[in-house]
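final09.cif, holding mmCIF, C-alpha atoms:
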data_input
loop_
_atom_site.label_atom_id
_atom_site.label_comp_id
_atom_site.auth_asym_id
_atom_site.auth_seq_id
_atom_site.Cartn_x
_atom_site.Cartn_y
_atom_site.Cartn_z
CA MET A 601 -20.64 28.80 15.13
CA ASN A 602 -18.76 32.09 15.30
CA TYR A 603 -17.16 32.65 11.90
CA GLU A 604 -14.96 35.53 13.11
CA SER A 605 -13.34 33.46 15.84
CA ASP A 606 -12.71 30.65 13.32
CA ILE A 607 -10.93 33.08 11.00
CA GLU A 608 -8.94 34.60 13.84
CA TYR A 609 -6.85 31.48 14.39
CA CYS A 610 -6.92 29.80 10.99
CA TYR A 611 -3.69 31.31 9.60
CA GLN A 612 -0.52 31.74 11.59
CA ILE A 613 3.13 32.29 10.73
CA LYS A 614 5.83 30.99 13.03
CA GLN A 615 9.59 30.95 12.79
CA ALA A 616 10.93 27.39 12.74
CA THR A 617 14.67 28.09 12.54
CA PHE A 618 16.88 30.85 11.18
CA CYS A 619 15.35 31.93 7.84
CA LYS A 620 12.85 29.03 7.92
CA TYR A 621 9.19 29.69 8.63
CA VAL A 622 5.93 27.77 8.85
CA LEU A 623 2.62 29.02 7.50
CA ILE A 624 -0.07 27.21 9.45
CA THR A 625 -3.33 26.92 7.50
CA PRO A 626 -6.54 25.11 8.47
CA SER A 627 -5.58 22.11 6.34
CA LYS A 628 -1.77 21.96 6.35
CA GLU A 629 1.54 23.46 7.41
CA VAL A 630 3.66 25.01 4.68
CA GLN A 631 7.42 25.33 5.12
CA LEU A 632 8.75 28.64 3.78
CA THR A 633 12.17 30.20 3.36
CA PHE A 634 12.68 33.93 3.84
CA PRO A 635 12.55 34.69 0.08
CA GLN A 636 9.31 32.70 -0.12
CA MET A 637 7.93 34.73 2.79
CA LEU A 638 8.76 37.94 0.93
CA GLU A 639 7.05 36.61 -2.20
CA LEU A 640 3.97 35.61 -0.18
CA ARG A 641 3.84 39.10 1.31
CA ARG A 642 4.06 40.66 -2.16
CA LYS A 643 1.27 38.44 -3.50
CA ILE A 644 -0.99 39.16 -0.53
CA TYR A 645 -0.42 42.91 -0.81
CA ASP A 646 -1.22 42.76 -4.54
CA LEU A 647 -4.43 40.83 -3.85
CA THR A 648 -5.61 43.19 -1.11
CA THR A 649 -5.50 46.47 -2.96
CA PHE A 650 -8.86 48.22 -3.20
CA ASN A 651 -9.33 47.55 -6.91
CA THR A 652 -8.26 43.91 -6.70
CA LEU A 653 -10.54 43.22 -3.73
CA ASN A 654 -13.47 44.75 -5.61
CA GLU A 655 -12.71 42.58 -8.60
CA ILE A 656 -12.50 39.45 -6.44
CA ILE A 657 -15.78 40.27 -4.68
CA ASN A 658 -17.56 40.94 -7.97
CA THR A 659 -16.41 37.71 -9.61
CA ASP A 660 -15.53 34.57 -7.63
CA ASN A 661 -15.35 35.86 -4.05
CA PHE A 662 -12.24 33.73 -3.43
CA VAL A 663 -8.65 33.36 -4.63
CA LEU A 664 -6.37 30.42 -5.21
CA LEU A 665 -2.84 31.22 -4.18
CA PHE A 666 0.31 29.24 -4.95
CA VAL A 667 2.92 29.42 -2.19
CA ALA A 668 6.39 27.98 -1.57
CA ASP A 669 7.51 28.04 -5.19
CA LYS A 670 4.17 26.64 -6.42
CA GLN A 671 4.41 23.56 -4.22
CA HIS A 672 1.20 24.35 -2.32
CA LEU A 673 -2.16 25.74 -3.37
CA ILE A 674 -4.22 27.65 -0.82
CA TYR A 675 -7.90 28.56 -1.13
CA LEU A 676 -8.72 31.93 0.49
CA ASP A 677 -12.05 33.67 0.72
CA ILE A 678 -12.10 37.42 1.42
CA PRO A 679 -12.07 37.25 5.27
CA GLN A 680 -9.27 34.69 5.20
CA LEU A 681 -7.30 36.79 2.71
CA LEU A 682 -7.57 39.84 4.95
CA LYS A 683 -6.65 37.81 8.04
CA LEU A 684 -3.57 36.43 6.28
CA LYS A 685 -2.57 39.97 5.28
CA GLU A 686 -2.89 41.06 8.91
CA GLU A 687 -0.86 38.06 10.08
CA ILE A 688 1.91 38.84 7.58
CA GLU A 689 1.99 42.50 8.57
CA LEU A 690 2.27 41.56 12.25
CA PHE A 691 4.98 39.04 11.47
CA PHE A 692 7.16 41.57 9.65
CA LEU A 693 6.52 44.31 12.20
CA ASP A 694 7.50 41.97 15.03
CA PHE A 695 10.49 40.59 13.10
CA ASN A 696 13.53 40.26 15.38
CA PRO A 697 16.77 41.07 13.58
CA VAL A 698 19.83 38.94 14.18
CA LEU A 699 22.43 40.74 16.24
CA VAL A 700 26.05 40.17 15.34
#

Rewrite the structure of this file - the entire thing - as C-alpha cells.
Amino acid sequence: MNYESDIEYCYQIKQATFCKYVLITPSKEVQLTFPQMLELRRKIYDLTTFNTLNEIINTDNFVLLFVADKQHLIYLDIPQLLKLKEEIELFFLDFNPVLV
C-alpha cells in the first residue's frame, strides 16, 4: 500500500455550476458555494501555518474541520491537511474568471 498515492487523489475540488463547487473527500462529496470555498481556504491556511502545524503534531496529530456552514465534519491528518491546502491553492490559481 502506497500511502502517498492514496493521499494524492483523496481530496479534489471541482466546479459543479457557476459559483457552486464540490469538495470530493474519501468518504463523501460536499457541496460548497463560493463564500464557503473562501471560508474553507481561510481555515486551511490558518491550520497550515508553521506554529499551528507544530501544535497539531505535538498534540493530536489530526484536525476535525467543519465545512459548508458546519453541515459536514471532516477528519484530516497532517498529510491530508497539506494535500487539501495544495488542492485549494491549485483551484484558486487555476480559477477561470467569468468574461462579460

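Distance-wise, CA of Glu655 in chain A and CA of Asp669 in chain A end up 25.1 Å apart.
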
List as a ChimeraX atom specification the protein and nucleic acid residues near Phe666 in chain A, meaning an atom at most 10 Å away when only C-alpha atoms are counted, but skip any in the same chain fewer than 4 places from it.
/A:640,643,670-675

List as a list in words the protein and nucleic acid residues near Leu632 in chain A, meaning an atom at most 8 Å away when all atoms listed in the file are counted, but skip any in the same chain fewer than 3 places from it.
Lys620, Tyr621, Val622, Leu623, Gln636, Met637 and Ala668 of chain A

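Interatomic distance, CA of Gln612 in chain A against CA of Gln631 in chain A: 12.1 Å.
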
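For the atom pair formed by CA of Phe650 in chain A and CA of Pro679 in chain A, the distance is 14.2 Å, given to one decimal.
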
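Here, the PyMOL selection byres ((chain A and resi 682) around 10) matches A:Ile607, A:Ile644, A:Tyr645, A:Leu647, A:Thr648, A:Leu653, A:Leu676, A:Asp677, A:Ile678, A:Pro679, A:Gln680, A:Leu681, A:Lys683, A:Leu684, A:Lys685, A:Glu686, A:Glu687, A:Ile688.
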
Can you write out the residues you just picked, keeping C-alpha atoms, as a compact mmCIF listing (two decimals), in the coordinates of the input?
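Saved to result17.txt:
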# COMPACT_ATOMS: atom_id res chain seq x y z
CA ILE A 607 -10.93 33.08 11.00
CA ILE A 644 -0.99 39.16 -0.53
CA TYR A 645 -0.42 42.91 -0.81
CA LEU A 647 -4.43 40.83 -3.85
CA THR A 648 -5.61 43.19 -1.11
CA LEU A 653 -10.54 43.22 -3.73
CA LEU A 676 -8.72 31.93 0.49
CA ASP A 677 -12.05 33.67 0.72
CA ILE A 678 -12.10 37.42 1.42
CA PRO A 679 -12.07 37.25 5.27
CA GLN A 680 -9.27 34.69 5.20
CA LEU A 681 -7.30 36.79 2.71
CA LYS A 683 -6.65 37.81 8.04
CA LEU A 684 -3.57 36.43 6.28
CA LYS A 685 -2.57 39.97 5.28
CA GLU A 686 -2.89 41.06 8.91
CA GLU A 687 -0.86 38.06 10.08
CA ILE A 688 1.91 38.84 7.58

Taking only C-alpha atoms into account, which of A:Asn661, A:Lys614, A:Thr625, A:Asp646 comes nearest Leu690 in chain A?
A:Lys614

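The closest residue to Cys610 in chain A, picked from A:Ile656, A:Leu665, A:Ile624, A:Leu693 and counting all atoms listed in the file, is A:Ile624.
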
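Nearest residue to Phe692 in chain A, choosing from A:Leu664, A:Asn654, A:Leu638, A:Thr633 and counting all atoms listed in the file: A:Leu638.
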